[in-house]
Structures are given as C-alpha cells and as structure tokens.
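As structure tokens, the structure follows; a few thoughts come after it.
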Amino acid sequence: MAIVALLDPEASVPLQVGWALWFARARAADVTLLLSDDASARSPEVVRAQVIAQIGQDERFVFADGDEHEHERDRSAGDASEPDPPLLRARVAAARADDAEAMLQAVQQAAPEQLLVLVQKVDSTDARVRCIGREVLPRLGCAVALVDLGDERWPVAHLLVAASRGAHPRMALRAARELARDVGGRLTGAYVEPDIGSDAPSVGRHVLDRVLRAAFGEDARDVGRRVVVAENVEAGLHKAVEVAEPDAIVLGLPRPGLLGPRFFGLVPARLCRRVSVPVVMLREALPLGNRLRRTFEDVLQRFVPQVEREVRVELAARVQSSSAWNFDFVALISLSTLIAALGLLQNSAAVIIGAMLIAPLMTPILGVGLALAQGNARLAKLAFRTIAFGVVTSFALAAGVGWLDGSVHLLDTTPEMLARGWPGLFDLFVACVSGLAAAYAMSRPGLVAALPGVAIAAALVPPIAVSGLATARGEWSLAYGAFLLFFTNMVAIVLAAGLSLWAVGVRGQERSGWRRHLGNAFVAAVLVLGV
C-alpha cells in the first residue's frame with residue numbers, strides 16, 4: 001500500500017510530517033511527501049532537509065531517494081524474540097502548489113491507495129485549496145483524507161468520530177481505530193440525536209450501540225460513547241467537542257464533492273470554522289464507474305471546447321425564461337398548431353415547414369436536457385410543465401380543426417398526414433442528431449442562427465397536429481402512431497441535448513437521485529423505442 005501526502009507550504013512542516021507518518025504507520029504503507037517548490041519565504045531546500053531529518057527520527061521508516069536507494073538502519077539492539085515489523089519507505093517529491101497538472105502528475109506517479117491532503121485551514125478563498133478541490137480531487141479515484149490542522153495540536157491521542165447510520169460513518173470509525181491503535185490512544189463515537197423529548201438520550205445510546213456493533217462487532221466494547229441531544233448535527237458535534245475535549249475529530253464523507261464549490265456550505269466545512277481542534281475528513285475510493293467517467297471528462301475537456309462560466313449562466317437564464325408557460329408561449333404554440341393543421345389538410349409541405357419554424361416546443365424540451373446535465377430540479381419541473389401544457393393545447397386545437405373539417409367533409413386524409421403516422425428507426429436517429437445539434441448551437445452564442453434548421457429537422461408540432469386531426473376523424477391507429485412519433489422525437493432530443501451540453505462543460509457538481517433516475521428513464525425509453 002502507498003500513501004501520498006500533500007503538504008501545505010504555509011503550515012508547520014514538523015506537524016504535517018508527523019500526520020503523514022502517522023497515517024502511513026497505521027496503514028503499514030509507504031509514503032511520499034509532496035512538497036511545494038514555489039518560490040516563497042521558506043526555501044524549498046530547507047523544507048526538504050527538515051522533512052528528511054524528521055523521517056530519520058521515526059524507527060518505522062527509512063528514507064528512499066529518487067534512485068530507490070534505501071539507507072540501512074541497524075536494529076540489532078532490539079529484542080530478537082520479537083521480530084521487528086518491516087521498514088516502511090518514505091520519499092520526498094515536489095510540485096508547484098498552484099499547478100493542478102503538476103500536482104496530479106506527481107500523485108498519479110506514486111499510484112497511491114490514499115491521498116492525504118493537509119491544509120492549515122479549510123478556506124474557500126485559499127487558491128491552493130480551490131485548485132485541489134476543483135482540479136485534483138475530482139480526477140483521482142483513490143481514497144482521500146483531508147486534514148484541517150486547526151490549532152496544530154500534537155500529539156493526537158484522543159479521536160472523536162461522528163457516528164451515524166450508513167457506510168461513510170462506519171468507514172470513518174474503522175479508520176480512526178487504526179490511527180488510535182498506532183499511538184495507543186482513545187476512540188470515542190459521538191452520535192447526535194434530535195430533541196424528541198425525554199427519551200432522546202436513551203434512543204441515541206441505542207442507535208450509537210448499533211452503529212458501533214455494525215462497525216466493530218464484539219470489539220466495540222472498548223470504544224467510548226458520547227450522545228448529544230441537539231437541533232442539528234453541526235451544533236451537536238460542536239457540543240460533543242466541548243464536552244469530550246478530543247485532540248481531533250474524524251468525519252466520513254460521501255465520495256464526490258470533497259472541497260468542491262458546494263462543500264464549503266456543508267456541515268464539515270462549517271464545523272472546521274467553529275472548532276479549534278484538527279478535523280479529519282475521509283472519502284472512500286471512487287468506484288470504477290466514477291473513475292471511467294472522470295477519465296472520459298478529461299478527454300472531452302482536451303478535445304471539445306468548454307463553455308465559460310458566464311456563457312453557462314446566460315444559457316441557463318435564457319432557457320429558463322423561454323421555457324416558462326406564459327402568453328407568448330401560448331400564442332406561438334396555438335398559431336404553429338393552426339398553421340400545421342391547415343398545412344396537413346392541404347398537403348402543403350411549405351406550410352408545414354412554416355409551422356415548424358415558429359413552434360416553441362423545442363426550447364422547453366432542450367430545457368429538460370439542460371436540467372439533466374446541470375442537475376437543475378427547478379428547471380426540470382418548469383420545462384416538463386410547459387411541455388405538458390403545450391402538448392395538450394396543441395392537441396386540442398388540432399382536434400378542433402379536425403372536427404370542423406369533418407363536419408363539412410372538405411378533405412380526406414392527406415399523404416403528409418400519413419407520412420407522420422408512425423415512427424421509424426431513422427426518425428429516432430434524426431431526433432438524436434437534432435438534439436445534439438440544437439444543444440450545441442444553443443451553447444455557442446455565435447451559432448444560434450442554426451436553430452431554425454434544427455427545428456425543421458426535428459418535427460414536433462406536426463405529429464401532435466396529425467394526432468389531433470386523426471382523433472377528431474376517429475382514425476385511432478393514425479392518432480396513436482403520430483403521437484408516438486412526437487414522443488420518440490421528444491425523448492431522443494432530451495437525451496441527446498443533455499449529452500451535448502454535458503460534453504461542452506455544462507455539468508452539475510453533485511449527482512442527485514432524481515437526476516440519475518430521470519436520466520436512466522430516458523435511456524430506457526430510447527432503447528425501448530429503438531427496439
């Protein structure tokens with residue numbers, strides 16, 4: 001096993017090396033200490049010498065330079081009846097603290113199972129912290145331990161772990177026990193119970209016992225317990241720190257989002273600002289699927305031009321405004337439906353194309369794709385509502401035109417209507433490509449002129465109009481097939497638009513449950529329709 005420790009150039013060198021060697025001893029792992037080679041007040045050569053000297057003071061480690069030459073250490077004075085544990089290797093590497101690619105390359109070269117990030121204080125305004133959170137951690141699949149050094153207390157002999165139901169707290173408890181055992185220290189599990197009345201402490205103790213047994217089995221007896229009744233987790237953990245007076249706090253966190261933009265508003269970051277003791281935040285290794293997705297994102301970023309933040313903000317605002325159900329939308333959907341219905345009855349392709357150009361349904365459908373890419377639940381609800389009302393309005397108007405036509409028996413079913421009577425596989429392909437093109441053009445301000453052509457390629461209102469006309473005439477098979485054609489186009493455009501926007505850099509910071517389920521539903525729908 002191997003560990004890489006990123007040292008903060010502004011924090012105490014002996015303290016950080018102590019933490020790094022402690023983690024490596026507890027895991028019986030080799031360690032690489034990654035120093036900053038920035039031109040700063042402290043000379044990189046002096047810092048390197050301090051690190052090497054401190055490594056030499058730890059009996060479990062031997063310093064290995066870049067040539068893999070290990071300095072032998074005489075351990076013959078020890079008790080021969082008890083064999084010494086094998087020596088662990090410690091290396092020193094350097095990379096600029098403000099260069100994400102250099103840090104990432106140095107970490108990946110060591111191929112660690114765990115990355116240890118040491119910071120003087122978790123602060124969203126710190127350029128180094130932002131660089132690590134946004135550029136380095138999302139591209140690494142290994143486990144991560146982030147240490148907010150706090151008031152730099154050392155040694156650490158008493159660890160307080162936030163214990164609750166779930167896999168992340170169990171992982172934190174087991175990791176904290178390894179650390180505590182290495183220094184012969186104490187471990188306390190803290191559980192925050194909401195104030196539900198006089199039974200709150202008893203309920204909290206019962207839950208905490210179950211959590212500790214799930215983590216350690218019968219070995220949970222030697223773990224301390226601290227139950228705090230509080231309104232929220234942050235206040236409860238702060239109170240537990242004041243009462244138990246630990247030397248450090250250990251928290252288990254979900255896999256994505258560590259040090260990301262949203263992280264600084266969550267409980268762990270707020271707790272770091274409230275307490276003075278060090279806070280250790282642990283993230284498990286990312287599964288293979290996440291790592292493949294990150295690798296694919298890196299490839300896209302290198303070959304596909306990514307949109308700037310200002311463009312993303314403007315795009316979201318524009319689509320959200322255009323996806324609203326208002327008088328303008330009602331007027332356009334009504335007029336386009338009437339034009340499409342008359343063009344279908346007259347068998348006029350030119351009139352039908354005119355209806356496609358003014359139809360407003362493409363924008364809310366692209367809005368659903370943007371909501372999927374961005375994780376914007378509000379936009380998804382707004383766009384779905386507008387699509388539903390628009391489809392009902394269009395269908396009702398077309399059915400009204402069909403009823404009037406059927407009353408006077410002016411025209412029969414035309415070839416233009418029959419051409420939209422059932423979806424084919426090529427219709428699915430056309431809709432997918434149209435969704436890709438529409439979303440890409442919408443994300444590039446200079447390509448907006450291409451949207452009318454896309455609207456013509458992916459017909460949305462004419463199939464609804466055919467369905468309404470056929471329903472008024474009692475031609476149920478034609479009505480069903482035409483509406484299925486619209487549904488096929490809509491589903492394919494949404495999925496393709498979401499992929500296109502994701503590829504150009506419109507991505508959410510977190511993968512919420514609704515977003516995953518909705519995306520899976522659209523994928524399943526495309527597969528079923530394709531079959």
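Ordering of the structure tokens sets the chain letters (A, B, ...); residue numbers start at 1 within each chain; ligands are numbered from 1 in the order shown.
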
Subject >> stretch 302-316 of chain A surroundings by only C-alpha atoms, 7 Å radius, close-in-sequence under 6 positions cut, as a list in words >> reply: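 Here the qualifying residues turn out to be Ser443, Val504, Gly505 and Val506 of chain A.
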
Original post:
What residues in stretch 64-279 of chain A get the DSSP label helix (DSSP H, G or I)? Please answer as a PyMOL selection string.
Top reply: chain A and resi 100-110+127-139+167-183+200-222+233-244+263-265+267-274

**OP:** Please identify which residues in stretch 105-166 of chain A DSSP calls strand (DSSP E or B) from the backbone, and express them as a PyMOL selection string.
**Re:** chain A and resi 114-119+143-148+158-162

**OP:** Using atom CA of A:Val531 and atom CA of A:Pro423 as the two end points, give the distance in Å to one decimal.
**Re:**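 Atom CA of A:Val531 sits 11.5 Å away from atom CA of A:Pro423.
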
Original post:
Suppose you want the space between atom CA of A:Asp182 and atom CA of A:Pro256; what is it in Å?
Top reply: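 Computing it gives 28.8 Å between the two atoms.
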
Original post:
Leaving out A:Pro462 and any residue of its chain fewer than 4 positions from it, which residues lie within 10 Å of it when counting only C-alpha atoms, given as an MDAnalysis selection string?
Top reply: chainID A and resid 336:341 343:344 352:353 355:356 359 394 398 416:417 420 466:468 482:483 485:486

Original post:
Can you tell me, as a count of residues only, what residues are no more than 10 Å from A:His158 when counting only C-alpha atoms, ignoring any on the same chain fewer than 5 positions away?
Top reply: 15

Need the shell around A:Pro86: protein/DNA/RNA residues with any atom at most 9 Å away, counting only C-alpha atoms. Skip same-chain ones fewer than 6 positions apart. Format as a tab-separated table (two decimals) with C-alpha atoms, in the first residue's frame?
chain	number	residue	atom	x	y	z
A	28	ALA	CA	1.55	-0.05	7.18
A	60	ARG	CA	9.47	2.52	11.28
A	61	PHE	CA	10.65	4.48	8.23

Original post:
If you count only C-alpha atoms, which residues fall within 12 Å of A:Gly367, apart from same-chain ones fewer than 3 positions away, as an NGL selection string?
Top reply: :A and (315-324 or 360-364 or 370-387 or 435 or 438-439 or 442-443 or 490 or 493-498 or 501)

For those residues, write N, CA and C atoms to a file as a compact mmCIF listing (two decimals), in the first residue's frame.
# COMPACT_ATOMS: atom_id res chain seq x y z
N LEU A 315 -26.87 30.92 -20.58
CA LEU A 315 -27.64 29.85 -21.20
C LEU A 315 -28.77 29.38 -20.29
N ALA A 316 -28.44 29.14 -19.02
CA ALA A 316 -29.46 28.68 -18.07
C ALA A 316 -30.56 29.71 -17.90
N ALA A 317 -30.18 31.00 -17.81
CA ALA A 317 -31.18 32.06 -17.66
C ALA A 317 -32.06 32.16 -18.89
N ARG A 318 -31.45 32.06 -20.07
CA ARG A 318 -32.22 32.19 -21.32
C ARG A 318 -33.20 31.03 -21.50
N VAL A 319 -32.73 29.82 -21.25
CA VAL A 319 -33.59 28.65 -21.42
C VAL A 319 -34.71 28.65 -20.38
N GLN A 320 -34.38 29.02 -19.16
CA GLN A 320 -35.41 29.05 -18.12
C GLN A 320 -36.48 30.08 -18.45
N SER A 321 -36.07 31.24 -18.97
CA SER A 321 -37.05 32.26 -19.34
C SER A 321 -37.91 31.81 -20.51
N SER A 322 -37.31 31.17 -21.50
CA SER A 322 -38.04 30.75 -22.69
C SER A 322 -38.88 29.50 -22.46
N SER A 323 -38.63 28.78 -21.36
CA SER A 323 -39.37 27.56 -21.06
C SER A 323 -40.60 27.82 -20.20
N ALA A 324 -40.86 29.07 -19.86
CA ALA A 324 -41.98 29.39 -18.98
C ALA A 324 -43.29 29.34 -19.76
N PRO A 360 -42.74 26.70 -30.48
CA PRO A 360 -41.84 26.98 -29.35
C PRO A 360 -41.51 25.76 -28.51
N LEU A 361 -41.94 24.56 -28.90
CA LEU A 361 -41.75 23.39 -28.04
C LEU A 361 -40.29 22.97 -27.90
N MET A 362 -39.45 23.31 -28.88
CA MET A 362 -38.06 22.87 -28.83
C MET A 362 -37.35 23.43 -27.59
N THR A 363 -37.66 24.66 -27.20
CA THR A 363 -36.94 25.28 -26.08
C THR A 363 -37.17 24.56 -24.75
N PRO A 364 -38.42 24.29 -24.32
CA PRO A 364 -38.57 23.55 -23.06
C PRO A 364 -38.04 22.13 -23.13
N LEU A 370 -30.99 20.38 -20.50
CA LEU A 370 -30.11 21.21 -19.69
C LEU A 370 -30.26 20.89 -18.21
N ALA A 371 -31.48 20.65 -17.76
CA ALA A 371 -31.70 20.30 -16.35
C ALA A 371 -31.01 18.99 -16.00
N LEU A 372 -31.03 18.03 -16.93
CA LEU A 372 -30.33 16.76 -16.69
C LEU A 372 -28.83 16.97 -16.58
N ALA A 373 -28.27 17.76 -17.49
CA ALA A 373 -26.82 17.99 -17.48
C ALA A 373 -26.40 18.78 -16.25
N GLN A 374 -27.23 19.74 -15.85
CA GLN A 374 -26.86 20.68 -14.80
C GLN A 374 -27.32 20.23 -13.42
N GLY A 375 -28.27 19.29 -13.36
CA GLY A 375 -28.84 18.91 -12.08
C GLY A 375 -29.77 19.98 -11.52
N ASN A 376 -30.49 20.66 -12.41
CA ASN A 376 -31.35 21.78 -12.03
C ASN A 376 -32.79 21.29 -11.91
N ALA A 377 -33.21 20.96 -10.69
CA ALA A 377 -34.55 20.40 -10.48
C ALA A 377 -35.63 21.43 -10.79
N ARG A 378 -35.38 22.68 -10.47
CA ARG A 378 -36.39 23.72 -10.74
C ARG A 378 -36.65 23.88 -12.23
N LEU A 379 -35.58 23.88 -13.02
CA LEU A 379 -35.74 23.99 -14.46
C LEU A 379 -36.45 22.77 -15.03
N ALA A 380 -36.16 21.58 -14.50
CA ALA A 380 -36.81 20.36 -14.98
C ALA A 380 -38.32 20.43 -14.76
N LYS A 381 -38.74 20.87 -13.56
CA LYS A 381 -40.19 20.97 -13.28
C LYS A 381 -40.84 22.01 -14.20
N LEU A 382 -40.17 23.16 -14.35
CA LEU A 382 -40.72 24.22 -15.21
C LEU A 382 -40.87 23.74 -16.64
N ALA A 383 -39.84 23.08 -17.18
CA ALA A 383 -39.87 22.64 -18.58
C ALA A 383 -40.91 21.53 -18.79
N PHE A 384 -40.98 20.57 -17.88
CA PHE A 384 -41.97 19.50 -18.01
C PHE A 384 -43.39 20.06 -17.98
N ARG A 385 -43.63 21.03 -17.11
CA ARG A 385 -44.96 21.64 -17.01
C ARG A 385 -45.32 22.34 -18.32
N THR A 386 -44.36 23.07 -18.87
CA THR A 386 -44.61 23.78 -20.12
C THR A 386 -44.84 22.81 -21.27
N ILE A 387 -44.05 21.73 -21.33
CA ILE A 387 -44.23 20.73 -22.38
C ILE A 387 -45.62 20.10 -22.28
N GLY A 435 -31.08 16.81 -31.59
CA GLY A 435 -30.87 17.23 -30.20
C GLY A 435 -29.43 17.62 -29.94
N ALA A 438 -28.92 21.00 -31.77
CA ALA A 438 -29.64 22.11 -31.13
C ALA A 438 -28.96 22.55 -29.85
N ALA A 439 -28.59 21.58 -29.00
CA ALA A 439 -27.95 21.94 -27.73
C ALA A 439 -26.58 22.56 -27.97
N MET A 442 -27.08 26.08 -29.21
CA MET A 442 -27.59 26.95 -28.16
C MET A 442 -26.50 27.33 -27.16
N SER A 443 -25.50 26.45 -26.98
CA SER A 443 -24.42 26.74 -26.03
C SER A 443 -23.36 27.66 -26.62
N MET A 490 -39.27 13.70 -28.85
CA MET A 490 -39.02 14.42 -27.60
C MET A 490 -37.99 13.69 -26.74
N ILE A 493 -34.47 13.86 -28.31
CA ILE A 493 -33.89 15.20 -28.25
C ILE A 493 -33.42 15.52 -26.83
N VAL A 494 -34.22 15.18 -25.81
CA VAL A 494 -33.83 15.44 -24.42
C VAL A 494 -32.53 14.74 -24.08
N LEU A 495 -32.45 13.46 -24.39
CA LEU A 495 -31.25 12.70 -24.04
C LEU A 495 -30.04 13.21 -24.81
N ALA A 496 -30.20 13.46 -26.10
CA ALA A 496 -29.07 13.94 -26.90
C ALA A 496 -28.65 15.34 -26.47
N ALA A 497 -29.60 16.19 -26.13
CA ALA A 497 -29.27 17.54 -25.68
C ALA A 497 -28.51 17.50 -24.36
N GLY A 498 -28.95 16.65 -23.45
CA GLY A 498 -28.23 16.52 -22.18
C GLY A 498 -26.79 16.07 -22.38
N LEU A 501 -24.74 19.04 -24.01
CA LEU A 501 -24.40 20.09 -23.05
C LEU A 501 -23.38 19.60 -22.03

Subject >> Among the residues A:Arg48, A:Arg25, A:His206, A:Lys121, the one that comes closest to A:Asp151 [using only C-alpha atoms] >> reply: A:Lys121

**OP:** Tell me which of A:Gly18, A:Val223, A:Pro9, A:Pro112 sits closest to A:Asp98, counting only C-alpha atoms.
**Re:**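 Of A:Gly18, A:Val223, A:Pro9, A:Pro112, the one nearest A:Asp98, counting only C-alpha atoms, is A:Pro9.
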
**OP:** Quick one: pull the distance between atom CA of A:Ala503 and atom CA of A:Pro261, Å, one decimal.
**Re:** 20.2 Å

List as a compact mmCIF listing (two decimals) with N, CA, C and O atoms, in the first residue's frame the protein and nucleic acid residues near A:Leu271, meaning an atom at most 12 Å away when only C-alpha atoms are counted, but skip any in the same chain fewer than 3 places from it.
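Writing the result to out37.txt gives the following:
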# COMPACT_ATOMS: atom_id res chain seq x y z
N LYS A 121 -6.03 25.63 7.08
CA LYS A 121 -7.44 25.89 7.37
C LYS A 121 -8.24 25.71 6.10
O LYS A 121 -7.85 26.19 5.04
N VAL A 122 -9.36 24.98 6.20
CA VAL A 122 -10.23 24.80 5.05
C VAL A 122 -10.91 26.13 4.76
O VAL A 122 -11.76 26.59 5.52
N ASP A 123 -10.51 26.76 3.66
CA ASP A 123 -10.97 28.11 3.34
C ASP A 123 -11.24 28.19 1.85
O ASP A 123 -10.37 27.90 1.02
N ASP A 148 -7.83 19.28 8.28
CA ASP A 148 -7.79 20.68 8.67
C ASP A 148 -7.00 20.74 9.97
O ASP A 148 -7.45 20.27 11.02
N GLY A 150 -6.25 22.96 12.11
CA GLY A 150 -6.78 23.69 13.26
C GLY A 150 -5.71 24.42 14.04
O GLY A 150 -4.88 25.14 13.50
N ALA A 162 -17.67 11.14 14.34
CA ALA A 162 -19.11 11.36 14.15
C ALA A 162 -19.73 10.06 13.66
O ALA A 162 -19.49 9.62 12.53
N ASN A 232 -29.42 20.15 15.43
CA ASN A 232 -28.83 19.74 14.16
C ASN A 232 -27.47 19.11 14.42
O ASN A 232 -26.93 19.19 15.52
N VAL A 233 -26.93 18.49 13.37
CA VAL A 233 -25.67 17.74 13.51
C VAL A 233 -24.51 18.67 13.84
O VAL A 233 -23.68 18.35 14.69
N GLU A 234 -24.46 19.82 13.19
CA GLU A 234 -23.34 20.74 13.43
C GLU A 234 -23.29 21.19 14.88
O GLU A 234 -22.23 21.13 15.53
N ALA A 235 -24.43 21.61 15.43
CA ALA A 235 -24.46 22.05 16.83
C ALA A 235 -24.16 20.90 17.76
O ALA A 235 -23.46 21.08 18.78
N GLY A 236 -24.65 19.70 17.43
CA GLY A 236 -24.39 18.55 18.29
C GLY A 236 -22.93 18.17 18.34
O GLY A 236 -22.38 17.89 19.41
N LEU A 237 -22.27 18.15 17.18
CA LEU A 237 -20.84 17.80 17.16
C LEU A 237 -20.01 18.87 17.87
O LEU A 237 -19.03 18.55 18.56
N HIS A 238 -20.39 20.12 17.71
CA HIS A 238 -19.67 21.19 18.40
C HIS A 238 -19.79 21.03 19.92
O HIS A 238 -18.82 21.20 20.66
N LYS A 239 -20.98 20.66 20.36
CA LYS A 239 -21.18 20.43 21.79
C LYS A 239 -20.39 19.21 22.27
O LYS A 239 -19.80 19.22 23.36
N ALA A 240 -20.35 18.17 21.45
CA ALA A 240 -19.59 16.97 21.82
C ALA A 240 -18.10 17.27 21.94
O ALA A 240 -17.42 16.74 22.83
N VAL A 241 -17.58 18.14 21.08
CA VAL A 241 -16.18 18.53 21.18
C VAL A 241 -15.92 19.29 22.48
O VAL A 241 -14.90 19.07 23.16
N ILE A 249 -11.13 15.46 15.40
CA ILE A 249 -12.43 14.93 15.00
C ILE A 249 -12.26 14.20 13.67
O ILE A 249 -11.52 14.66 12.80
N VAL A 250 -12.97 13.08 13.50
CA VAL A 250 -12.91 12.31 12.26
C VAL A 250 -14.33 12.22 11.69
O VAL A 250 -15.27 11.84 12.40
N LEU A 251 -14.46 12.56 10.42
CA LEU A 251 -15.75 12.54 9.74
C LEU A 251 -15.64 11.69 8.48
O LEU A 251 -14.64 11.75 7.76
N PHE A 263 -19.07 22.29 -1.16
CA PHE A 263 -18.58 21.70 0.09
C PHE A 263 -18.50 22.73 1.21
O PHE A 263 -18.78 22.42 2.37
N PHE A 264 -18.15 23.96 0.88
CA PHE A 264 -17.89 24.96 1.91
C PHE A 264 -19.16 25.45 2.60
O PHE A 264 -19.09 26.15 3.60
N GLY A 265 -20.32 25.07 2.08
CA GLY A 265 -21.56 25.40 2.76
C GLY A 265 -22.13 24.25 3.55
O GLY A 265 -23.19 24.39 4.18
N LEU A 266 -21.45 23.09 3.56
CA LEU A 266 -21.95 21.91 4.25
C LEU A 266 -21.42 21.83 5.68
O LEU A 266 -20.54 22.60 6.09
N VAL A 267 -21.95 20.85 6.43
CA VAL A 267 -21.62 20.72 7.86
C VAL A 267 -20.12 20.55 8.11
O VAL A 267 -19.56 21.21 8.99
N PRO A 268 -19.39 19.69 7.37
CA PRO A 268 -17.95 19.53 7.68
C PRO A 268 -17.17 20.83 7.59
O PRO A 268 -16.36 21.13 8.47
N ARG A 274 -15.79 26.31 13.26
CA ARG A 274 -16.28 26.52 14.63
C ARG A 274 -15.36 25.95 15.69
O ARG A 274 -15.32 26.43 16.81
N VAL A 275 -14.63 24.88 15.36
CA VAL A 275 -13.80 24.21 16.36
C VAL A 275 -12.33 24.55 16.13
O VAL A 275 -11.93 24.93 15.02
N SER A 276 -11.54 24.40 17.17
CA SER A 276 -10.11 24.70 17.08
C SER A 276 -9.28 23.44 16.87
O SER A 276 -8.12 23.53 16.45
N VAL A 277 -9.83 22.26 17.17
CA VAL A 277 -9.06 21.02 17.05
C VAL A 277 -9.00 20.61 15.58
O VAL A 277 -9.83 21.02 14.77
N PRO A 278 -8.01 19.80 15.20
CA PRO A 278 -7.94 19.31 13.82
C PRO A 278 -9.18 18.49 13.45
O PRO A 278 -9.76 17.79 14.29
N VAL A 279 -9.57 18.58 12.20
CA VAL A 279 -10.72 17.83 11.67
C VAL A 279 -10.22 16.98 10.51
O VAL A 279 -9.64 17.50 9.55
N VAL A 280 -10.44 15.67 10.59
CA VAL A 280 -10.03 14.72 9.55
C VAL A 280 -11.29 14.29 8.79
O VAL A 280 -12.22 13.75 9.39
N MET A 281 -11.32 14.55 7.49
CA MET A 281 -12.46 14.19 6.65
C MET A 281 -12.03 13.12 5.66
O MET A 281 -11.08 13.33 4.90
